[in-house]
$ cat query32.txt   # compact mmCIF, C-alpha atoms
# COMPACT_ATOMS: atom_id res chain seq x y z
CA MET A 1 49.29 -7.05 -81.77
CA PRO A 2 49.77 -4.74 -78.74
CA LYS A 3 49.81 -6.24 -75.26
CA LYS A 4 46.35 -6.21 -73.69
CA LYS A 5 46.54 -5.71 -69.99
CA GLU A 6 44.35 -2.66 -69.56
CA LEU A 7 41.12 -4.60 -68.89
CA THR A 8 39.88 -3.88 -65.41
CA LYS A 9 37.95 -6.29 -63.25
CA SER A 10 34.64 -4.60 -63.98
CA SER A 11 34.95 -4.63 -67.77
CA GLN A 12 32.12 -6.48 -69.41
CA TRP A 13 31.66 -7.41 -72.99
CA LYS A 14 28.78 -6.00 -75.02
CA VAL A 15 26.47 -8.58 -76.54
CA LEU A 16 25.61 -7.54 -80.11
CA GLU A 17 23.66 -10.65 -81.12
CA SER A 18 22.52 -13.75 -79.27
CA GLU A 19 20.76 -16.88 -80.53
CA TYR A 20 20.05 -20.35 -79.17
CA LEU A 21 21.52 -23.20 -81.23
CA ILE A 22 20.35 -26.02 -78.92
CA ARG A 23 17.65 -25.82 -76.25
CA ARG A 24 17.07 -29.26 -74.81
CA PRO A 25 16.51 -30.38 -71.17
CA TRP A 26 20.19 -31.41 -70.74
CA MET A 27 21.91 -29.09 -73.22
CA THR A 28 21.42 -25.42 -73.96
CA VAL A 29 23.91 -23.68 -76.24
CA ARG A 30 23.80 -19.97 -77.00
CA ARG A 31 25.93 -18.32 -79.68
CA GLU A 32 26.75 -14.66 -79.24
CA SER A 33 28.49 -11.93 -81.15
CA LEU A 34 30.39 -9.67 -78.74
CA ARG A 35 32.18 -6.34 -78.68
CA LEU A 36 35.15 -6.24 -76.30
CA PRO A 37 36.07 -3.08 -74.34
CA ASP A 38 38.86 -2.29 -76.82
CA GLY A 39 36.36 -2.31 -79.72
CA ARG A 40 37.35 -5.69 -81.13
CA ILE A 41 34.46 -7.90 -82.33
CA VAL A 42 34.23 -11.59 -81.38
CA PRO A 43 31.70 -12.88 -83.94
CA GLU A 44 31.19 -16.32 -82.45
CA TYR A 45 31.23 -16.96 -78.68
CA TYR A 46 29.45 -19.96 -77.14
CA VAL A 47 27.78 -20.05 -73.73
CA LEU A 48 26.36 -23.23 -72.17
CA GLU A 49 23.38 -22.57 -69.93
CA TYR A 50 22.82 -24.85 -66.94
CA PRO A 51 20.76 -24.68 -63.77
CA ASP A 52 22.86 -24.19 -60.64
CA TRP A 53 24.30 -27.35 -59.10
CA VAL A 54 24.78 -28.46 -55.49
CA ASN A 55 27.06 -30.96 -53.80
CA VAL A 56 27.74 -31.98 -50.22
CA ILE A 57 30.56 -33.34 -48.09
CA ALA A 58 28.38 -35.43 -45.78
CA ILE A 59 29.94 -36.87 -42.64
CA THR A 60 28.18 -39.20 -40.23
CA ASP A 61 28.23 -38.98 -36.45
CA ASP A 62 30.97 -41.60 -36.33
CA GLY A 63 33.30 -39.84 -38.78
CA MET A 64 32.45 -41.59 -42.04
CA MET A 65 32.18 -39.66 -45.35
CA ILE A 66 29.44 -40.69 -47.78
CA LEU A 67 30.77 -41.20 -51.32
CA GLU A 68 29.31 -42.43 -54.58
CA LYS A 69 31.02 -44.15 -57.48
CA GLN A 70 29.42 -43.37 -60.78
CA TYR A 71 30.28 -43.95 -64.43
CA ARG A 72 30.49 -40.63 -66.28
CA HIS A 73 30.00 -40.94 -70.00
CA GLY A 74 31.62 -37.62 -71.05
CA ILE A 75 35.03 -38.69 -69.84
CA GLY A 76 34.26 -42.42 -70.14
CA CYS A 77 35.26 -43.65 -66.71
CA ALA A 78 34.00 -44.02 -63.13
CA ALA A 79 35.45 -42.23 -60.11
CA TRP A 80 34.44 -41.47 -56.54
CA GLU A 81 32.28 -38.40 -56.00
CA ILE A 82 30.49 -36.61 -53.22
CA PRO A 83 26.67 -36.60 -53.49
CA CYS A 84 25.58 -33.94 -55.98
CA GLY A 85 22.81 -32.85 -58.27
CA VAL A 86 20.92 -30.14 -60.03
CA LEU A 87 19.10 -27.41 -58.14
CA GLU A 88 15.41 -27.81 -59.01
CA LYS A 89 12.96 -24.93 -59.44
CA SER A 90 11.01 -26.45 -56.54
CA ASP A 91 14.00 -26.15 -54.17
CA SER A 92 13.56 -23.09 -51.96
CA SER A 93 17.34 -22.53 -51.71
CA PRO A 94 20.66 -24.18 -52.60
CA LEU A 95 20.71 -25.60 -49.05
CA SER A 96 17.33 -27.29 -49.40
CA GLY A 97 18.34 -28.61 -52.82
CA ALA A 98 21.51 -30.13 -51.40
CA GLN A 99 19.56 -31.68 -48.51
CA ARG A 100 17.04 -33.14 -50.99
CA GLU A 101 19.82 -34.60 -53.17
CA LEU A 102 21.62 -36.19 -50.22
CA LEU A 103 18.41 -37.81 -48.99
CA GLU A 104 17.36 -39.01 -52.46
CA GLU A 105 20.74 -40.45 -53.33
CA THR A 106 21.80 -41.93 -50.00
CA GLY A 107 18.92 -41.89 -47.49
CA TYR A 108 20.99 -39.67 -45.13
CA GLY A 109 19.88 -36.38 -43.60
CA GLY A 110 19.93 -34.20 -40.53
CA GLY A 111 23.17 -32.84 -39.05
CA GLU A 112 24.71 -29.36 -39.16
CA TRP A 113 24.95 -27.79 -42.61
CA THR A 114 27.21 -24.93 -43.76
CA LEU A 115 28.03 -23.50 -47.21
CA LEU A 116 31.67 -24.39 -47.79
CA ASP A 117 32.23 -22.78 -51.20
CA THR A 118 30.62 -21.48 -54.41
CA LEU A 119 32.42 -22.51 -57.58
CA SER A 120 32.19 -22.79 -61.37
CA GLY A 121 33.39 -25.72 -63.48
CA ASN A 122 34.15 -23.41 -66.40
CA PRO A 123 33.37 -19.68 -65.98
CA GLY A 124 34.36 -18.87 -69.57
CA SER A 125 31.72 -21.11 -71.13
CA THR A 126 29.07 -21.93 -68.52
CA ASN A 127 26.67 -19.60 -66.74
CA ASN A 128 25.95 -21.57 -63.58
CA ARG A 129 27.35 -21.86 -60.07
CA THR A 130 27.86 -24.89 -57.86
CA TYR A 131 27.07 -24.54 -54.15
CA CYS A 132 29.26 -26.88 -52.07
CA PHE A 133 27.98 -27.75 -48.61
CA LEU A 134 29.45 -29.42 -45.58
CA ALA A 135 27.00 -31.53 -43.54
CA GLN A 136 28.35 -32.87 -40.27
CA GLY A 137 26.62 -35.45 -38.12
CA VAL A 138 24.21 -36.81 -40.75
CA LYS A 139 22.20 -39.95 -39.98
CA ARG A 140 20.44 -42.59 -42.08
CA ILE A 141 16.83 -41.39 -42.01
CA GLY A 142 15.26 -43.07 -45.06
CA GLU A 143 15.72 -45.10 -48.18
CA PRO A 144 17.44 -43.74 -51.32
CA ASN A 145 15.04 -42.77 -54.07
CA LEU A 146 16.98 -42.43 -57.30
CA ASP A 147 15.86 -40.62 -60.43
CA ALA A 148 15.44 -42.67 -63.60
CA GLY A 149 18.89 -42.94 -65.17
CA GLU A 150 20.77 -42.56 -61.88
CA SER A 151 22.81 -45.60 -60.96
CA PHE A 152 25.81 -45.76 -58.66
CA ASP A 153 27.47 -47.37 -55.66
CA VAL A 154 27.18 -45.59 -52.30
CA LYS A 155 29.87 -46.32 -49.71
CA LEU A 156 31.10 -44.82 -46.44
CA PHE A 157 34.79 -44.11 -45.86
CA PRO A 158 36.60 -42.95 -42.71
CA VAL A 159 37.38 -39.23 -43.09
CA GLU A 160 41.05 -39.88 -42.34
CA THR A 161 41.35 -42.00 -45.52
CA ILE A 162 40.13 -39.19 -47.84
CA PRO A 163 43.57 -37.55 -48.31
CA GLU A 164 45.09 -40.83 -49.56
CA MET A 165 42.11 -41.36 -51.91
CA LEU A 166 42.57 -37.85 -53.31
CA LEU A 167 46.33 -38.29 -53.66
CA ARG A 168 45.78 -41.61 -55.48
CA GLY A 169 43.49 -39.92 -58.01
CA ASP A 170 40.29 -41.68 -56.89
CA PHE A 171 38.39 -38.43 -57.58
CA ILE A 172 38.48 -36.48 -60.86
CA GLN A 173 35.58 -33.99 -60.65
CA ALA A 174 37.15 -30.62 -59.77
CA LEU A 175 33.89 -29.31 -58.28
CA HIS A 176 34.21 -32.10 -55.67
CA VAL A 177 38.00 -32.16 -55.27
CA ALA A 178 38.10 -28.42 -54.50
CA PRO A 179 35.76 -28.46 -51.46
CA LEU A 180 37.31 -31.75 -50.24
CA TRP A 181 40.83 -30.26 -50.11
CA LYS A 182 39.43 -27.07 -48.56
CA PHE A 183 37.69 -29.08 -45.83
CA LEU A 184 40.86 -31.09 -45.21
CA TYR A 185 43.03 -27.95 -45.14
CA LEU A 186 40.75 -26.26 -42.61
CA ASN A 187 40.75 -29.36 -40.41
CA LYS A 188 44.46 -30.20 -40.66
CA ASN A 189 46.26 -29.81 -37.38
CA MET B 1 11.28 -48.07 -60.06
CA PRO B 2 13.71 -50.54 -58.45
CA LYS B 3 16.84 -49.24 -56.77
CA LYS B 4 19.81 -49.21 -59.14
CA LYS B 5 23.01 -49.90 -57.32
CA GLU B 6 24.36 -52.87 -59.27
CA LEU B 7 26.50 -50.81 -61.67
CA THR B 8 30.15 -51.66 -61.15
CA LYS B 9 33.03 -49.28 -61.71
CA SER B 10 33.89 -50.84 -65.07
CA SER B 11 30.39 -50.61 -66.54
CA GLN B 12 30.30 -48.59 -69.70
CA TRP B 13 27.39 -47.48 -71.77
CA LYS B 14 26.93 -48.72 -75.33
CA VAL B 15 26.75 -45.99 -77.96
CA LEU B 16 23.97 -46.84 -80.43
CA GLU B 17 24.11 -43.64 -82.48
CA SER B 18 26.35 -40.58 -82.45
CA GLU B 19 26.18 -37.36 -84.44
CA TYR B 20 27.79 -33.94 -84.27
CA LEU B 21 25.38 -31.04 -83.81
CA ILE B 22 28.03 -28.30 -83.61
CA ARG B 23 31.67 -28.55 -84.74
CA ARG B 24 33.33 -25.18 -84.40
CA PRO B 25 36.80 -24.20 -83.13
CA TRP B 26 35.48 -23.32 -79.65
CA MET B 27 32.40 -25.55 -79.39
CA THR B 28 31.89 -29.17 -80.36
CA VAL B 29 28.65 -30.86 -79.33
CA ARG B 30 27.94 -34.54 -79.97
CA ARG B 31 24.51 -36.10 -79.43
CA GLU B 32 24.41 -39.81 -78.69
CA SER B 33 21.83 -42.49 -78.18
CA LEU B 34 22.98 -44.92 -75.48
CA ARG B 35 22.09 -48.31 -74.04
CA LEU B 36 22.79 -48.62 -70.31
CA PRO B 37 24.02 -51.89 -68.76
CA ASP B 38 20.49 -52.63 -67.48
CA GLY B 39 19.12 -52.39 -71.05
CA ARG B 40 17.50 -48.99 -70.66
CA ILE B 41 17.86 -46.64 -73.68
CA VAL B 42 18.90 -42.99 -73.27
CA PRO B 43 17.87 -41.50 -76.62
CA GLU B 44 19.52 -38.12 -76.18
CA TYR B 45 22.83 -37.67 -74.35
CA TYR B 46 25.12 -34.71 -75.03
CA VAL B 47 28.91 -34.73 -74.91
CA LEU B 48 31.06 -31.60 -75.27
CA GLU B 49 34.43 -32.28 -76.87
CA TYR B 50 37.37 -30.13 -75.84
CA PRO B 51 41.14 -30.41 -76.15
CA ASP B 52 42.91 -31.12 -72.86
CA TRP B 53 43.69 -28.09 -70.73
CA VAL B 54 46.67 -27.16 -68.55
CA ASN B 55 47.15 -24.83 -65.62
CA VAL B 56 50.02 -23.99 -63.28
CA ILE B 57 50.58 -22.81 -59.73
CA ALA B 58 53.72 -20.78 -60.44
CA ILE B 59 55.80 -19.54 -57.53
CA THR B 60 58.81 -17.29 -57.83
CA ASP B 61 62.12 -17.72 -56.03
CA ASP B 62 61.00 -15.18 -53.43
CA GLY B 63 57.68 -16.87 -52.60
CA MET B 64 55.26 -14.95 -54.81
CA MET B 65 52.42 -16.70 -56.68
CA ILE B 66 51.61 -15.46 -60.20
CA LEU B 67 47.89 -14.83 -60.68
CA GLU B 68 45.74 -13.39 -63.44
CA LYS B 69 42.43 -11.58 -63.21
CA GLN B 70 40.25 -12.14 -66.23
CA TYR B 71 36.65 -11.40 -67.17
CA ARG B 72 34.82 -14.66 -68.02
CA HIS B 73 31.79 -14.14 -70.18
CA GLY B 74 30.02 -17.44 -69.40
CA ILE B 75 29.48 -16.53 -65.78
CA GLY B 76 29.69 -12.77 -66.42
CA CYS B 77 32.29 -11.75 -63.87
CA ALA B 78 36.03 -11.53 -63.26
CA ALA B 79 37.97 -13.49 -60.65
CA TRP B 80 41.56 -14.40 -59.89
CA GLU B 81 42.96 -17.44 -61.69
CA ILE B 82 46.20 -19.31 -62.04
CA PRO B 83 47.76 -19.19 -65.53
CA CYS B 84 46.01 -21.69 -67.79
CA GLY B 85 45.30 -22.59 -71.37
CA VAL B 86 44.53 -25.16 -74.01
CA LEU B 87 46.98 -27.93 -74.85
CA GLU B 88 47.98 -27.37 -78.49
CA LYS B 89 48.66 -30.13 -80.99
CA SER B 90 52.19 -28.70 -81.27
CA ASP B 91 52.84 -29.23 -77.53
CA SER B 92 54.91 -32.38 -77.02
CA SER B 93 53.33 -33.05 -73.59
CA PRO B 94 51.03 -31.46 -71.01
CA LEU B 95 54.17 -30.21 -69.23
CA SER B 96 55.51 -28.41 -72.30
CA GLY B 97 52.05 -26.96 -72.95
CA ALA B 98 51.86 -25.61 -69.40
CA GLN B 99 55.38 -24.14 -69.70
CA ARG B 100 54.42 -22.49 -73.00
CA GLU B 101 51.22 -21.01 -71.51
CA LEU B 102 53.02 -19.61 -68.45
CA LEU B 103 55.68 -17.97 -70.63
CA GLU B 104 53.14 -16.56 -73.14
CA GLU B 105 50.83 -15.18 -70.49
CA THR B 106 53.32 -13.89 -67.91
CA GLY B 107 56.88 -13.97 -69.26
CA TYR B 108 57.91 -16.36 -66.46
CA GLY B 109 59.69 -19.71 -66.87
CA GLY B 110 62.35 -22.03 -65.48
CA GLY B 111 62.04 -23.55 -62.00
CA GLU B 112 61.11 -27.07 -60.87
CA TRP B 113 57.89 -28.47 -62.34
CA THR B 114 55.74 -31.35 -61.05
CA LEU B 115 52.28 -32.62 -62.03
CA LEU B 116 50.06 -31.80 -59.04
CA ASP B 117 46.74 -33.27 -60.23
CA THR B 118 44.65 -34.35 -63.22
CA LEU B 119 41.02 -33.22 -63.09
CA SER B 120 37.81 -32.74 -65.05
CA GLY B 121 35.49 -29.75 -64.86
CA ASN B 122 32.47 -31.93 -65.69
CA PRO B 123 33.10 -35.66 -66.36
CA GLY B 124 29.46 -36.31 -67.23
CA SER B 125 29.38 -33.93 -70.18
CA THR B 126 32.96 -33.15 -71.23
CA ASN B 127 35.60 -35.49 -72.62
CA ASN B 128 38.79 -33.68 -71.67
CA ARG B 129 41.20 -33.61 -68.76
CA THR B 130 43.01 -30.70 -67.12
CA TYR B 131 46.63 -31.20 -66.08
CA CYS B 132 47.49 -29.05 -63.06
CA PHE B 133 51.18 -28.31 -62.52
CA LEU B 134 53.21 -26.82 -59.70
CA ALA B 135 56.21 -24.74 -60.80
CA GLN B 136 58.51 -23.61 -58.02
CA GLY B 137 61.30 -21.08 -58.39
CA VAL B 138 60.17 -19.54 -61.69
CA LYS B 139 61.87 -16.36 -62.96
CA ARG B 140 60.95 -13.60 -65.35
CA ILE B 141 62.68 -14.69 -68.58
CA GLY B 142 60.79 -12.81 -71.30
CA GLU B 143 57.87 -10.65 -72.27
CA PRO B 144 54.27 -11.89 -72.29
CA ASN B 145 52.96 -12.66 -75.77
CA LEU B 146 49.19 -12.88 -75.57
CA ASP B 147 46.89 -14.50 -78.14
CA ALA B 148 44.38 -12.26 -79.89
CA GLY B 149 41.39 -11.99 -77.57
CA GLU B 150 43.36 -12.63 -74.38
CA SER B 151 43.30 -9.71 -72.01
CA PHE B 152 43.92 -9.76 -68.27
CA ASP B 153 45.82 -8.35 -65.34
CA VAL B 154 48.85 -10.29 -64.08
CA LYS B 155 49.90 -9.76 -60.48
CA LEU B 156 52.14 -11.45 -57.91
CA PHE B 157 50.87 -12.30 -54.40
CA PRO B 158 52.75 -13.65 -51.38
CA VAL B 159 51.95 -17.38 -51.08
CA GLU B 160 50.88 -16.89 -47.45
CA THR B 161 48.01 -14.61 -48.59
CA ILE B 162 46.46 -17.27 -50.89
CA PRO B 163 44.37 -18.98 -48.15
CA GLU B 164 42.65 -15.70 -47.24
CA MET B 165 42.00 -14.96 -50.94
CA LEU B 166 40.44 -18.42 -51.38
CA LEU B 167 38.37 -18.07 -48.21
CA ARG B 168 37.13 -14.65 -49.38
CA GLY B 169 35.92 -16.13 -52.69
CA ASP B 170 38.48 -14.34 -54.89
CA PHE B 171 38.69 -17.50 -57.05
CA ILE B 172 35.71 -19.29 -58.60
CA GLN B 173 37.17 -21.71 -61.20
CA ALA B 174 37.11 -25.17 -59.55
CA LEU B 175 39.92 -26.44 -61.80
CA HIS B 176 42.14 -23.80 -60.14
CA VAL B 177 40.71 -23.86 -56.62
CA ALA B 178 41.24 -27.64 -56.34
CA PRO B 179 45.01 -27.68 -56.97
CA LEU B 180 45.46 -24.51 -54.87
CA TRP B 181 43.86 -26.09 -51.78
CA LYS B 182 45.78 -29.33 -52.44
CA PHE B 183 49.07 -27.39 -52.60
CA LEU B 184 48.18 -25.51 -49.41
CA TYR B 185 47.13 -28.72 -47.61
CA LEU B 186 50.38 -30.46 -48.53
CA ASN B 187 52.41 -27.46 -47.32
CA LYS B 188 50.46 -26.71 -44.15
CA ASN B 189 52.50 -27.32 -41.04

$ encode --input "query32.txt" --output "structure tokens"
Amino acid sequence: MPKKKELTKSSQWKVLESEYLIRRPWMTVRRESLRLPDGRIVPEYYVLEYPDWVNVIAITDDGMMILEKQYRHGIGCAAWEIPCGVLEKSDSSPLSGAQRELLEETGYGGGEWTLLDTLSGNPGSTNNRTYCFLAQGVKRIGEPNLDAGESFDVKLFPVETIPEMLLRGDFIQALHVAPLWKFLYLNKN
Amino acid sequence: MPKKKELTKSSQWKVLESEYLIRRPWMTVRRESLRLPDGRIVPEYYVLEYPDWVNVIAITDDGMMILEKQYRHGIGCAAWEIPCGVLEKSDSSPLSGAQRELLEETGYGGGEWTLLDTLSGNPGSTNNRTYCFLAQGVKRIGEPNLDAGESFDVKLFPVETIPEMLLRGDFIQALHVAPLWKFLYLNKN
């Protein structure tokens, strides 16, 4: 097998066949047959289709970060997370989706919002992006209003304790850990 | 709908039924019926089974980080990544799997290795963990030996240019971005 390093960044794979194996509200699996730029055929490649996701590092006026602890059945354990959710068709933008999720899950809103990063949990197999926001100076403006099936603890932590929580392994979701370390890096003196 | 905040960190969901819908080398999908701690039934919950994964921030003696640019068909674009792969049954540990992947993909090895983090790309839907290593002082000790189907550019970048690459969005894989920002945070003066 010769070394394969000639693929350039713009090379795309040609889709020869594509069929849905599962198309349910929480799971969509597509199987494709592909031709690579060197002519090789990959007869069986799986893509998981998801809506885009949003999450938010939300910090109150007095320097507290809003976190949620939630059991996650895929991995079978609970860990701390930043507020997050699925971008709905009714959201006018990733920003408005993230603001809706924060309000629904925690009752907090307002403040100054910026897009901190755009990431993928698995670009080889999934087709969606996650928009990670930073919201500074949020305030309690309502009551949480959880979706059926959502269930978790919400707690506020001083921002200066987040590095020790991360170092202790209190977070496991890479789509949350990445923007948290980025935020901390940018704000480290 | 009452607020649901009584779930404690140890609460697990009871699996009432479980069946495999897809069981292929690169895609395993399990559908489960679950009973939540409050008695509610979730009739249709999907879990994706994967082997554990490994990745490595590999830095040469002269301060260069080894990166790979690879087209990822799920998301349909190419971005920079750190060397990574699947933990094989023949690997005696995540560390030896990461060392094998680095050598196979880049020809580099040796140096001082530490486990930097353990993460999940999606703890709600996937059952695996990703072990993220830091390897400092690696050297070119052989030729790359890519698997069939692997194809990417390998290039070395000065460590001090990594923050600007991250800020520019040159990386998108959260399982790589998270340990990179953590490494940079820990080494920021």

$ interface_residues --input "query32.txt" --of "chain B" --to "chain A" --cutoff "6 Å" --atoms "only C-alpha atoms" --output "count of residues only"
30

$ atom_distance --input "query32.txt" --atom1 "atom CA of Leu134 of chain B" --atom2 "atom CA of Tyr50 of chain B"
22.9 Å

$ atom_distance --input "query32.txt" --atom1 "atom CA of Tyr20 of chain A" --atom2 "atom CA of Pro51 of chain B"
23.6 Å

$ atom_distance --input "query32.txt" --atom1 "atom CA of Tyr131 of chain B" --atom2 "atom CA of Val56 of chain B"
8.4 Å

$ residues_around --input "query32.txt" --residues "segment 111-113 of chain B" --least-positions-apart "6" --cutoff "7 Å" --atoms "all atoms listed in the file" --output "JSON, numbers by chain"
{"B": [133, 134, 135, 136, 137, 138]}

$ residues_near_point --input "query32.txt" --point "(52.7, -18.5, -58.1)" --cutoff "10 Å" --atoms "all atoms listed in the file" --output "PDB file with C-alpha atoms, keeping the file's coordinate frame"
ATOM      1  CA  VAL B  56      50.020 -23.990 -63.280  1.00  0.00           C
ATOM      2  CA  ILE B  57      50.580 -22.810 -59.730  1.00  0.00           C
ATOM      3  CA  ALA B  58      53.720 -20.780 -60.440  1.00  0.00           C
ATOM      4  CA  ILE B  59      55.800 -19.540 -57.530  1.00  0.00           C
ATOM      5  CA  THR B  60      58.810 -17.290 -57.830  1.00  0.00           C
ATOM      6  CA  ASP B  61      62.120 -17.720 -56.030  1.00  0.00           C
ATOM      7  CA  GLY B  63      57.680 -16.870 -52.600  1.00  0.00           C
ATOM      8  CA  MET B  64      55.260 -14.950 -54.810  1.00  0.00           C
ATOM      9  CA  MET B  65      52.420 -16.700 -56.680  1.00  0.00           C
ATOM     10  CA  ILE B  66      51.610 -15.460 -60.200  1.00  0.00           C
ATOM     11  CA  LEU B  67      47.890 -14.830 -60.680  1.00  0.00           C
ATOM     12  CA  ILE B  82      46.200 -19.310 -62.040  1.00  0.00           C
ATOM     13  CA  PRO B  83      47.760 -19.190 -65.530  1.00  0.00           C
ATOM     14  CA  LEU B 134      53.210 -26.820 -59.700  1.00  0.00           C
ATOM     15  CA  ALA B 135      56.210 -24.740 -60.800  1.00  0.00           C
ATOM     16  CA  GLN B 136      58.510 -23.610 -58.020  1.00  0.00           C
ATOM     17  CA  GLY B 137      61.300 -21.080 -58.390  1.00  0.00           C
ATOM     18  CA  VAL B 138      60.170 -19.540 -61.690  1.00  0.00           C
ATOM     19  CA  LYS B 155      49.900  -9.760 -60.480  1.00  0.00           C
ATOM     20  CA  LEU B 156      52.140 -11.450 -57.910  1.00  0.00           C
ATOM     21  CA  PHE B 157      50.870 -12.300 -54.400  1.00  0.00           C
ATOM     22  CA  PRO B 158      52.750 -13.650 -51.380  1.00  0.00           C
ATOM     23  CA  VAL B 159      51.950 -17.380 -51.080  1.00  0.00           C
ATOM     24  CA  ILE B 162      46.460 -17.270 -50.890  1.00  0.00           C
ATOM     25  CA  LEU B 180      45.460 -24.510 -54.870  1.00  0.00           C
TER      26      LEU B 180
END

$ closest_residue --input "query32.txt" --among "B:Val54, B:Glu105, B:Ile141, B:Thr114" --to "Asp91 of chain B" --atoms "only C-alpha atoms"
B:Val54

$ decode --input "query32.txt" --residues "segment 38-76 of chain A" --atoms "C-alpha atoms" --output "PDB file, in the first residue's frame"
ATOM      1  CA  ASP A  38      -7.438   8.283  -5.648  1.00  0.00           C
ATOM      2  CA  GLY A  39     -10.230   6.153  -7.162  1.00  0.00           C
ATOM      3  CA  ARG A  40     -10.616   3.783  -4.228  1.00  0.00           C
ATOM      4  CA  ILE A  41     -14.209   2.819  -3.333  1.00  0.00           C
ATOM      5  CA  VAL A  42     -15.472   2.887   0.274  1.00  0.00           C
ATOM      6  CA  PRO A  43     -18.643   0.774   0.017  1.00  0.00           C
ATOM      7  CA  GLU A  44     -19.993   1.481   3.470  1.00  0.00           C
ATOM      8  CA  TYR A  45     -19.577   4.858   5.203  1.00  0.00           C
ATOM      9  CA  TYR A  46     -21.963   6.023   7.933  1.00  0.00           C
ATOM     10  CA  VAL A  47     -23.026   9.605   8.600  1.00  0.00           C
ATOM     11  CA  LEU A  48     -25.130  10.656  11.600  1.00  0.00           C
ATOM     12  CA  GLU A  49     -27.357  13.640  10.869  1.00  0.00           C
ATOM     13  CA  TYR A  50     -28.149  16.042  13.711  1.00  0.00           C
ATOM     14  CA  PRO A  51     -29.519  19.557  13.951  1.00  0.00           C
ATOM     15  CA  ASP A  52     -26.915  22.118  15.003  1.00  0.00           C
ATOM     16  CA  TRP A  53     -26.355  22.472  18.739  1.00  0.00           C
ATOM     17  CA  VAL A  54     -25.704  25.492  20.970  1.00  0.00           C
ATOM     18  CA  ASN A  55     -24.112  25.940  24.373  1.00  0.00           C
ATOM     19  CA  VAL A  56     -23.253  28.901  26.564  1.00  0.00           C
ATOM     20  CA  ILE A  57     -20.722  29.906  29.196  1.00  0.00           C
ATOM     21  CA  ALA A  58     -23.070  32.112  31.223  1.00  0.00           C
ATOM     22  CA  ILE A  59     -21.593  34.350  33.901  1.00  0.00           C
ATOM     23  CA  THR A  60     -23.610  36.485  36.283  1.00  0.00           C
ATOM     24  CA  ASP A  61     -22.907  40.084  37.229  1.00  0.00           C
ATOM     25  CA  ASP A  62     -21.174  38.914  40.397  1.00  0.00           C
ATOM     26  CA  GLY A  63     -18.804  36.470  38.669  1.00  0.00           C
ATOM     27  CA  MET A  64     -20.671  33.183  39.065  1.00  0.00           C
ATOM     28  CA  MET A  65     -20.818  30.595  36.241  1.00  0.00           C
ATOM     29  CA  ILE A  66     -24.092  28.720  35.725  1.00  0.00           C
ATOM     30  CA  LEU A  67     -23.559  24.951  35.481  1.00  0.00           C
ATOM     31  CA  GLU A  68     -25.831  21.933  35.246  1.00  0.00           C
ATOM     32  CA  LYS A  69     -25.237  18.390  36.408  1.00  0.00           C
ATOM     33  CA  GLN A  70     -26.992  15.846  34.282  1.00  0.00           C
ATOM     34  CA  TYR A  71     -26.941  12.069  33.949  1.00  0.00           C
ATOM     35  CA  ARG A  72     -25.967  11.065  30.405  1.00  0.00           C
ATOM     36  CA  HIS A  73     -27.098   7.605  29.442  1.00  0.00           C
ATOM     37  CA  GLY A  74     -24.680   7.027  26.520  1.00  0.00           C
ATOM     38  CA  ILE A  75     -21.654   7.092  28.774  1.00  0.00           C
ATOM     39  CA  GLY A  76     -23.625   6.105  31.885  1.00  0.00           C
TER      40      GLY A  76
END
